[in-house]
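Contents: one structure, followed by commentary.
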Amino acid sequence: DRLAKLPIADIEREHILQVLEPIWDTKTATAERLRNNLERILDLAEVMGLRNGSNPARWLGNLSHILPAPNKVSKVQHMKALPVDELPSFMKRLRQIDSIAAKALRFAILTCARSSQVRLAEWSEMDLEKRVWTVADHRMKQGKAHRVPLCDEALELLNSIKPDKAVGLVFLNINKPLSENGMTSVIKKVMGLDVTQHGFRSTFKDWARTHTRYPDEASELALAHVNDDKTRAAYARDELLELRGRMMDDWGEYCLNGKPTPAKVIKIKA
(Lines give C-alpha, C1' and ligand atoms only; values in the text may rest on other atoms or scores of the structure.)
Protein backbone atom coordinates (compact mmCIF):
# COMPACT_ATOMS: atom_id res chain seq x y z
CA ASP A 1 0.00 0.00 0.00
CA ARG A 2 2.82 2.40 0.81
CA LEU A 3 4.45 1.97 -2.58
CA ALA A 4 1.16 1.90 -4.48
CA LYS A 5 0.49 5.52 -3.50
CA LEU A 6 3.82 6.72 -4.90
CA PRO A 7 4.62 7.55 -8.53
CA ILE A 8 7.05 4.86 -9.67
CA ALA A 9 9.62 7.52 -10.57
CA ASP A 10 9.67 8.72 -6.93
CA ILE A 11 10.39 5.37 -5.25
CA GLU A 12 13.68 5.51 -3.39
CA ARG A 13 15.70 3.17 -1.16
CA GLU A 14 14.01 4.49 1.99
CA HIS A 15 10.62 3.47 0.63
CA ILE A 16 11.86 -0.04 -0.18
CA LEU A 17 13.28 -0.37 3.33
CA GLN A 18 10.02 0.76 4.89
CA VAL A 19 8.37 -2.24 3.24
CA LEU A 20 11.12 -4.80 3.80
CA GLU A 21 12.51 -4.08 7.26
CA PRO A 22 9.35 -4.97 9.26
CA ILE A 23 9.35 -8.52 7.84
CA TRP A 24 13.00 -9.13 6.97
CA ASP A 25 13.83 -10.99 10.21
CA THR A 26 10.50 -12.75 10.76
CA LYS A 27 9.32 -13.61 7.24
CA THR A 28 12.64 -13.69 5.45
CA ALA A 29 11.64 -15.87 2.50
CA THR A 30 8.60 -13.71 1.81
CA ALA A 31 10.65 -10.53 2.16
CA GLU A 32 13.30 -11.85 -0.21
CA ARG A 33 10.70 -12.74 -2.85
CA LEU A 34 9.15 -9.31 -2.43
CA ARG A 35 12.51 -7.61 -2.92
CA ASN A 36 13.16 -9.68 -6.06
CA ASN A 37 9.78 -8.71 -7.49
CA LEU A 38 10.29 -5.04 -6.68
CA GLU A 39 13.67 -5.09 -8.36
CA ARG A 40 12.21 -6.61 -11.52
CA ILE A 41 9.33 -4.11 -11.60
CA LEU A 42 11.64 -1.15 -11.16
CA ASP A 43 14.01 -2.51 -13.81
CA LEU A 44 11.08 -2.72 -16.21
CA ALA A 45 10.02 0.81 -15.32
CA GLU A 46 13.49 2.07 -16.24
CA VAL A 47 13.44 0.22 -19.57
CA MET A 48 10.05 1.78 -20.32
CA GLY A 49 11.38 5.23 -19.52
CA LEU A 50 9.24 5.68 -16.43
CA ARG A 51 12.14 6.31 -14.06
CA ASN A 52 15.87 7.09 -14.04
CA GLY A 53 18.77 6.24 -11.79
CA SER A 54 19.86 3.12 -9.97
CA ASN A 55 17.37 0.51 -8.84
CA PRO A 56 16.63 1.08 -5.11
CA ALA A 57 15.57 -2.56 -4.66
CA ARG A 58 18.85 -3.98 -5.98
CA TRP A 59 20.61 -6.27 -3.50
CA LEU A 60 24.31 -6.25 -4.46
CA GLY A 61 26.04 -2.99 -3.69
CA ASN A 62 22.85 -1.52 -2.30
CA LEU A 63 20.54 -3.24 0.19
CA SER A 64 23.27 -5.78 0.97
CA HIS A 65 25.03 -2.99 2.92
CA ILE A 66 21.94 -2.30 5.03
CA LEU A 67 20.02 -5.57 5.53
CA PRO A 68 21.56 -8.80 6.85
CA ALA A 69 21.96 -11.58 4.29
CA PRO A 70 18.85 -13.81 4.20
CA ASN A 71 20.84 -16.92 5.14
CA LYS A 72 22.02 -15.15 8.28
CA VAL A 73 18.54 -14.48 9.64
CA SER A 74 16.46 -17.37 8.35
CA LYS A 75 16.66 -20.96 9.48
CA VAL A 76 15.93 -23.77 7.07
CA GLN A 77 12.63 -25.38 7.97
CA HIS A 78 11.93 -28.85 6.63
CA MET A 79 8.27 -29.13 5.69
CA LYS A 80 6.42 -32.01 7.32
CA ALA A 81 5.77 -34.66 4.71
CA LEU A 82 3.37 -37.58 4.51
CA PRO A 83 5.10 -40.99 4.40
CA VAL A 84 4.96 -42.29 0.86
CA ASP A 85 3.20 -45.52 1.85
CA GLU A 86 0.32 -43.52 3.35
CA LEU A 87 -0.24 -41.45 0.21
CA PRO A 88 -2.71 -43.70 -1.67
CA SER A 89 -5.16 -43.83 1.25
CA PHE A 90 -4.77 -40.06 1.70
CA MET A 91 -5.56 -39.45 -1.98
CA LYS A 92 -8.58 -41.73 -1.77
CA ARG A 93 -9.97 -39.64 1.08
CA LEU A 94 -9.05 -36.42 -0.69
CA ARG A 95 -10.98 -37.41 -3.83
CA GLN A 96 -14.15 -37.57 -1.75
CA ILE A 97 -13.92 -33.90 -0.74
CA ASP A 98 -15.79 -31.78 -3.28
CA SER A 99 -14.27 -28.36 -2.73
CA ILE A 100 -12.08 -26.24 -4.99
CA ALA A 101 -9.34 -26.20 -2.34
CA ALA A 102 -9.34 -30.01 -2.18
CA LYS A 103 -9.16 -30.23 -5.98
CA ALA A 104 -6.31 -27.73 -6.05
CA LEU A 105 -4.48 -29.83 -3.46
CA ARG A 106 -4.98 -32.98 -5.54
CA PHE A 107 -3.65 -31.19 -8.60
CA ALA A 108 -0.65 -29.87 -6.65
CA ILE A 109 0.22 -33.38 -5.47
CA LEU A 110 -0.24 -34.93 -8.92
CA THR A 111 1.98 -32.29 -10.54
CA CYS A 112 4.49 -31.82 -7.67
CA ALA A 113 3.93 -28.08 -7.96
CA ARG A 114 4.32 -25.36 -5.38
CA SER A 115 1.26 -23.77 -3.80
CA SER A 116 1.49 -20.41 -5.57
CA GLN A 117 1.96 -22.09 -8.97
CA VAL A 118 -1.30 -24.00 -8.51
CA ARG A 119 -3.32 -21.21 -6.90
CA LEU A 120 -2.45 -18.80 -9.72
CA ALA A 121 -2.52 -21.33 -12.57
CA GLU A 122 -4.40 -20.08 -15.63
CA TRP A 123 -6.30 -21.99 -18.27
CA SER A 124 -4.07 -20.40 -20.91
CA GLU A 125 -1.15 -22.37 -19.42
CA MET A 126 -2.93 -25.71 -19.89
CA ASP A 127 -2.56 -27.70 -23.11
CA LEU A 128 -4.94 -30.56 -22.45
CA GLU A 129 -4.39 -32.14 -25.86
CA LYS A 130 -0.62 -32.33 -25.43
CA ARG A 131 -1.03 -33.11 -21.72
CA VAL A 132 1.32 -30.33 -20.62
CA TRP A 133 0.97 -27.47 -18.16
CA THR A 134 3.46 -24.67 -18.85
CA VAL A 135 3.96 -22.49 -15.79
CA ALA A 136 4.78 -18.99 -17.03
CA ASP A 137 8.34 -17.77 -16.44
CA HIS A 138 7.29 -14.83 -14.26
CA ARG A 139 5.65 -17.26 -11.84
CA MET A 140 8.68 -19.49 -11.43
CA LYS A 141 11.25 -19.11 -8.68
CA GLN A 142 14.12 -18.96 -11.19
CA GLY A 143 12.32 -16.89 -13.81
CA LYS A 144 12.21 -19.68 -16.40
CA ALA A 145 9.05 -21.31 -17.77
CA HIS A 146 8.47 -24.82 -16.41
CA ARG A 147 6.68 -27.57 -18.34
CA VAL A 148 4.76 -30.14 -16.32
CA PRO A 149 3.51 -33.39 -17.92
CA LEU A 150 -0.08 -34.12 -16.87
CA CYS A 151 -1.08 -37.65 -15.87
CA ASP A 152 -4.55 -39.11 -16.51
CA GLU A 153 -5.78 -38.21 -13.03
CA ALA A 154 -4.64 -34.58 -13.40
CA LEU A 155 -6.30 -34.32 -16.81
CA GLU A 156 -9.53 -35.81 -15.48
CA LEU A 157 -9.53 -33.30 -12.64
CA LEU A 158 -9.02 -30.35 -15.01
CA ASN A 159 -11.74 -31.52 -17.35
CA SER A 160 -14.15 -31.91 -14.43
CA ILE A 161 -13.82 -28.23 -13.50
CA LYS A 162 -13.19 -26.70 -16.92
CA PRO A 163 -15.80 -24.01 -17.66
CA ASP A 164 -17.33 -23.50 -21.10
CA LYS A 165 -15.14 -20.45 -21.51
CA ALA A 166 -11.78 -21.59 -20.16
CA VAL A 167 -10.12 -18.28 -19.33
CA GLY A 168 -8.58 -16.82 -16.20
CA LEU A 169 -7.60 -18.76 -13.11
CA VAL A 170 -8.14 -22.51 -12.95
CA PHE A 171 -8.86 -22.74 -9.23
CA LEU A 172 -11.37 -20.03 -8.39
CA ASN A 173 -13.09 -19.90 -5.01
CA ILE A 174 -16.37 -18.01 -5.60
CA ASN A 175 -14.76 -15.87 -8.32
CA LYS A 176 -11.72 -15.18 -6.16
CA PRO A 177 -8.23 -16.72 -6.22
CA LEU A 178 -7.78 -19.54 -3.76
CA SER A 179 -6.24 -18.19 -0.54
CA GLU A 180 -2.72 -19.10 0.58
CA ASN A 181 -4.17 -21.17 3.42
CA GLY A 182 -6.81 -22.94 1.34
CA MET A 183 -4.94 -26.18 0.68
CA THR A 184 -3.35 -26.21 4.14
CA SER A 185 -6.81 -25.91 5.68
CA VAL A 186 -7.96 -29.04 3.83
CA ILE A 187 -4.99 -31.00 5.16
CA LYS A 188 -5.14 -29.84 8.76
CA LYS A 189 -8.80 -28.98 9.46
CA VAL A 190 -10.66 -31.33 7.15
CA MET A 191 -8.33 -34.33 7.10
CA GLY A 192 -6.74 -33.77 10.52
CA LEU A 193 -3.13 -34.31 9.49
CA ASP A 194 -0.06 -32.41 10.65
CA VAL A 195 1.70 -32.19 7.29
CA THR A 196 2.17 -29.38 4.78
CA GLN A 197 1.23 -29.01 1.14
CA HIS A 198 4.87 -28.36 0.29
CA GLY A 199 5.79 -31.58 2.08
CA PHE A 200 4.10 -33.63 -0.64
CA ARG A 201 6.98 -32.67 -2.91
CA SER A 202 9.23 -34.57 -0.50
CA THR A 203 6.77 -37.48 -0.59
CA PHE A 204 7.11 -37.55 -4.37
CA LYS A 205 10.90 -37.53 -4.09
CA ASP A 206 10.79 -40.43 -1.64
CA TRP A 207 8.55 -42.35 -4.04
CA ALA A 208 10.89 -41.72 -6.97
CA ARG A 209 13.88 -42.95 -4.96
CA THR A 210 12.34 -45.96 -3.26
CA HIS A 211 9.63 -47.18 -5.65
CA THR A 212 11.13 -46.52 -9.09
CA ARG A 213 14.31 -46.70 -11.15
CA TYR A 214 13.88 -43.27 -12.71
CA PRO A 215 17.10 -41.22 -12.74
CA ASP A 216 17.46 -38.52 -10.13
CA GLU A 217 17.64 -35.89 -12.89
CA ALA A 218 14.03 -36.64 -13.86
CA SER A 219 12.59 -36.19 -10.38
CA GLU A 220 14.68 -33.06 -9.81
CA LEU A 221 13.32 -31.55 -13.01
CA ALA A 222 9.80 -32.50 -11.95
CA LEU A 223 10.35 -30.45 -8.80
CA ALA A 224 11.82 -27.58 -10.87
CA HIS A 225 15.02 -27.72 -8.88
CA VAL A 226 17.88 -25.78 -10.42
CA ASN A 227 20.74 -27.99 -11.55
CA ASP A 228 24.13 -26.31 -11.35
CA ASP A 229 26.12 -29.41 -12.27
CA LYS A 230 27.08 -29.06 -15.94
CA THR A 231 27.32 -32.79 -16.54
CA ARG A 232 23.86 -33.50 -15.16
CA ALA A 233 22.44 -30.38 -16.78
CA ALA A 234 23.41 -31.82 -20.15
CA TYR A 235 20.72 -34.46 -19.68
CA ALA A 236 18.12 -31.75 -19.24
CA ARG A 237 18.42 -29.86 -22.51
CA ASP A 238 14.99 -31.12 -23.54
CA GLU A 239 13.79 -31.09 -19.91
CA LEU A 240 13.48 -34.88 -20.24
CA LEU A 241 9.83 -34.21 -21.03
CA GLU A 242 9.04 -37.62 -22.55
CA LEU A 243 10.72 -39.47 -19.70
CA ARG A 244 9.05 -37.25 -17.11
CA GLY A 245 5.71 -37.90 -18.80
CA ARG A 246 6.10 -41.62 -18.11
CA MET A 247 7.26 -40.89 -14.59
CA MET A 248 4.26 -38.67 -13.84
CA ASP A 249 1.93 -41.31 -15.28
CA ASP A 250 3.43 -43.82 -12.83
CA TRP A 251 3.16 -41.27 -10.01
CA GLY A 252 -0.50 -40.69 -10.83
CA GLU A 253 -1.12 -44.44 -10.85
CA TYR A 254 0.56 -44.78 -7.47
CA CYS A 255 -1.46 -41.89 -6.03
CA LEU A 256 -4.66 -43.46 -7.32
CA ASN A 257 -4.14 -47.17 -6.71
CA GLY A 258 -0.99 -47.52 -4.63
CA LYS A 259 0.57 -49.85 -7.15
CA PRO A 260 4.35 -49.82 -7.04
CA THR A 261 5.96 -49.13 -10.39
CA PRO A 262 7.67 -52.24 -11.86
CA ALA A 263 11.44 -51.94 -11.64
CA LYS A 264 12.93 -50.98 -14.97
CA VAL A 265 16.16 -49.50 -16.22
CA ILE A 266 15.70 -46.07 -17.76
CA LYS A 267 18.25 -44.94 -20.32
CA ILE A 268 18.81 -41.24 -20.90
CA LYS A 269 20.94 -39.55 -23.53
CA ALA A 270 23.96 -37.57 -22.44
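For the C-alpha coordinates, the naming scheme is as follows: chains receive sequential letters (A, B, ...) according to their order of presentation, residues are indexed from 1 within each chain, and ligands are indexed from 1 in presentation order.
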Those of range 31-226 of chain A in DSSP helix (DSSP H, G or I), formatted as a count of residues only: 98
Name all residues at most 12 Å from range 182-187 of chain A (count only C-alpha atoms; drop same-chain ones fewer than 5 positions away) and give them as an MDAnalysis selection string. chainID A and resid 80:82 90:91 93:109 114:116 118:119 171:173 176:177 192:200
Smallest atom-to-atom distance to Leu128 in chain A: which of A:Lys162, A:Leu67, A:Gln142, A:Asn62, using only C-alpha atoms? A:Lys162
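Within the 10 Å cut-off around Leu155 in chain A, using only C-alpha atoms and omitting residues fewer than 6 positions from it on the same chain, the listed residues are Phe107, Leu110, Met126, Asp127, Leu128, Glu129, Arg131, Val132 and Pro149 of chain A.
Selecting strand (DSSP E) from the backbone DSSP output for range 2-228 of chain A yields Met126, Asp127, Val132, Trp133, Thr134, Val135, His146, Arg147, Val148 and Pro149 of chain A.
By only C-alpha atoms, and with residues fewer than 6 positions from Trp59 in chain A along its chain excluded, the set lying at most 10 Å from it is Glu32, Arg35, Asn36, Glu39, His65, Ile66, Leu67 and Ala69 of chain A.
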List as an mmCIF file with N, CA and C atoms, in the first residue's frame the protein and nucleic acid residues near Lys141 in chain A, meaning an atom at most 9 Å away when only C-alpha atoms are counted, but skip any in the same chain fewer than 4 places from it.
data_model
loop_
_atom_site.group_PDB
_atom_site.id
_atom_site.type_symbol
_atom_site.label_atom_id
_atom_site.label_comp_id
_atom_site.auth_asym_id
_atom_site.auth_seq_id
_atom_site.Cartn_x
_atom_site.Cartn_y
_atom_site.Cartn_z
ATOM 1 N N ARG A 33 11.476 -12.673 -1.603
ATOM 2 C CA ARG A 33 10.703 -12.745 -2.849
ATOM 3 C C ARG A 33 10.151 -11.373 -3.210
ATOM 4 N N ASP A 137 7.029 -18.072 -17.023
ATOM 5 C CA ASP A 137 8.337 -17.768 -16.442
ATOM 6 C C ASP A 137 8.262 -16.807 -15.264
ATOM 7 N N ALA A 224 11.295 -28.873 -10.400
ATOM 8 C CA ALA A 224 11.816 -27.584 -10.867
ATOM 9 C C ALA A 224 12.990 -27.115 -10.030
#
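Near range 52-57 of chain A, within a cut-off of 8 Å and counting only C-alpha atoms, sit the residues Ala9, Ile11, Glu12, Arg13, Ile16, Arg35, Asn36, Leu38, Glu39, Leu42, Asp43, Glu46 and Leu63 of chain A, with same-chain residues fewer than 6 positions away left out.
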Suppose we keep all heavy atoms; can you now write the selection as a CSV table (one decimal), in the first residue's frame?
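This is the output file result05.csv:
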chain,number,residue,atom,x,y,z
A,9,ALA,N,8.4,6.8,-10.4
A,9,ALA,CA,9.6,7.5,-10.6
A,9,ALA,C,10.2,8.1,-9.2
A,9,ALA,O,11.3,8.4,-9.1
A,9,ALA,CB,9.4,8.7,-11.5
A,11,ILE,N,10.0,6.4,-6.2
A,11,ILE,CA,10.4,5.4,-5.3
A,11,ILE,C,11.9,5.4,-5.0
A,11,ILE,O,12.7,5.2,-6.0
A,11,ILE,CB,9.9,4.0,-5.7
A,11,ILE,CG1,8.4,4.0,-5.8
A,11,ILE,CG2,10.4,2.9,-4.8
A,11,ILE,CD1,7.8,2.7,-6.3
A,12,GLU,N,12.3,5.5,-3.8
A,12,GLU,CA,13.7,5.5,-3.4
A,12,GLU,C,14.0,4.4,-2.4
A,12,GLU,O,13.1,3.6,-2.0
A,12,GLU,CB,14.0,6.9,-2.7
A,12,GLU,CG,13.8,8.1,-3.6
A,12,GLU,CD,14.7,8.1,-4.8
A,12,GLU,OE1,15.7,7.4,-4.8
A,12,GLU,OE2,14.4,8.9,-5.7
A,13,ARG,N,15.3,4.2,-2.0
A,13,ARG,CA,15.7,3.2,-1.2
A,13,ARG,C,14.9,3.2,0.2
A,13,ARG,O,14.6,2.2,0.7
A,13,ARG,CB,17.2,3.3,-0.9
A,13,ARG,CG,17.7,2.1,-0.1
A,13,ARG,CD,19.2,2.3,0.4
A,13,ARG,NE,20.0,2.4,-0.8
A,13,ARG,CZ,20.8,3.5,-1.0
A,13,ARG,NH1,20.8,4.5,-0.2
A,13,ARG,NH2,21.6,3.5,-2.1
A,16,ILE,N,11.7,1.4,-0.1
A,16,ILE,CA,11.9,0.0,-0.2
A,16,ILE,C,12.1,-0.6,1.2
A,16,ILE,O,11.6,-1.6,1.6
A,16,ILE,CB,13.0,-0.4,-1.1
A,16,ILE,CG1,12.8,0.1,-2.5
A,16,ILE,CG2,13.2,-1.9,-1.1
A,16,ILE,CD1,11.6,-0.5,-3.2
A,35,ARG,N,11.4,-8.5,-2.4
A,35,ARG,CA,12.5,-7.6,-2.9
A,35,ARG,C,12.8,-8.0,-4.4
A,35,ARG,O,13.0,-7.1,-5.2
A,35,ARG,CB,13.8,-7.8,-2.1
A,35,ARG,CG,14.9,-6.8,-2.4
A,35,ARG,CD,16.2,-7.3,-2.0
A,35,ARG,NE,16.6,-8.5,-2.8
A,35,ARG,CZ,16.9,-8.5,-4.1
A,35,ARG,NH1,17.0,-7.3,-4.7
A,35,ARG,NH2,17.2,-9.6,-4.7
A,36,ASN,N,12.9,-9.3,-4.7
A,36,ASN,CA,13.2,-9.7,-6.1
A,36,ASN,C,12.1,-9.1,-7.0
A,36,ASN,O,12.5,-8.6,-8.1
A,36,ASN,CB,13.2,-11.2,-6.2
A,36,ASN,CG,14.5,-11.8,-5.6
A,36,ASN,OD1,15.5,-11.2,-5.7
A,36,ASN,ND2,14.4,-13.0,-5.1
A,38,LEU,N,10.2,-6.5,-6.6
A,38,LEU,CA,10.3,-5.0,-6.7
A,38,LEU,C,11.4,-4.7,-7.6
A,38,LEU,O,11.3,-3.7,-8.4
A,38,LEU,CB,10.5,-4.4,-5.3
A,38,LEU,CG,9.3,-4.5,-4.3
A,38,LEU,CD1,9.7,-4.0,-2.9
A,38,LEU,CD2,8.2,-3.6,-4.9
A,39,GLU,N,12.5,-5.4,-7.5
A,39,GLU,CA,13.7,-5.1,-8.4
A,39,GLU,C,13.3,-5.3,-9.8
A,39,GLU,O,13.7,-4.4,-10.7
A,39,GLU,CB,14.9,-6.0,-8.0
A,39,GLU,CG,16.1,-5.7,-8.8
A,39,GLU,CD,17.3,-6.5,-8.4
A,39,GLU,OE1,17.1,-7.5,-7.6
A,39,GLU,OE2,18.4,-6.3,-8.9
A,42,LEU,N,10.9,-2.4,-11.0
A,42,LEU,CA,11.6,-1.1,-11.2
A,42,LEU,C,12.6,-1.2,-12.3
A,42,LEU,O,12.8,-0.2,-13.0
A,42,LEU,CB,12.4,-0.8,-9.9
A,42,LEU,CG,11.4,-0.5,-8.7
A,42,LEU,CD1,12.2,-0.3,-7.4
A,42,LEU,CD2,10.6,0.8,-9.0
A,43,ASP,N,13.2,-2.4,-12.6
A,43,ASP,CA,14.0,-2.5,-13.8
A,43,ASP,C,13.2,-2.3,-15.1
A,43,ASP,O,13.6,-1.6,-16.0
A,43,ASP,CB,14.6,-3.9,-13.9
A,43,ASP,CG,15.9,-4.0,-13.1
A,43,ASP,OD1,16.5,-3.0,-12.7
A,43,ASP,OD2,16.4,-5.1,-12.8
A,46,GLU,N,12.4,1.3,-15.7
A,46,GLU,CA,13.5,2.1,-16.2
A,46,GLU,C,13.6,1.8,-17.7
A,46,GLU,O,13.8,2.8,-18.5
A,46,GLU,CB,14.8,1.7,-15.6
A,46,GLU,CG,16.0,2.5,-16.1
A,46,GLU,CD,17.3,2.1,-15.4
A,46,GLU,OE1,17.3,1.2,-14.5
A,46,GLU,OE2,18.4,2.6,-15.8
A,63,LEU,N,21.2,-2.8,-1.0
A,63,LEU,CA,20.5,-3.2,0.2
A,63,LEU,C,21.4,-4.2,1.0
A,63,LEU,O,21.2,-4.4,2.2
A,63,LEU,CB,19.2,-3.9,-0.1
A,63,LEU,CG,18.1,-2.9,-0.8
A,63,LEU,CD1,16.8,-3.7,-1.0
A,63,LEU,CD2,17.9,-1.8,0.2
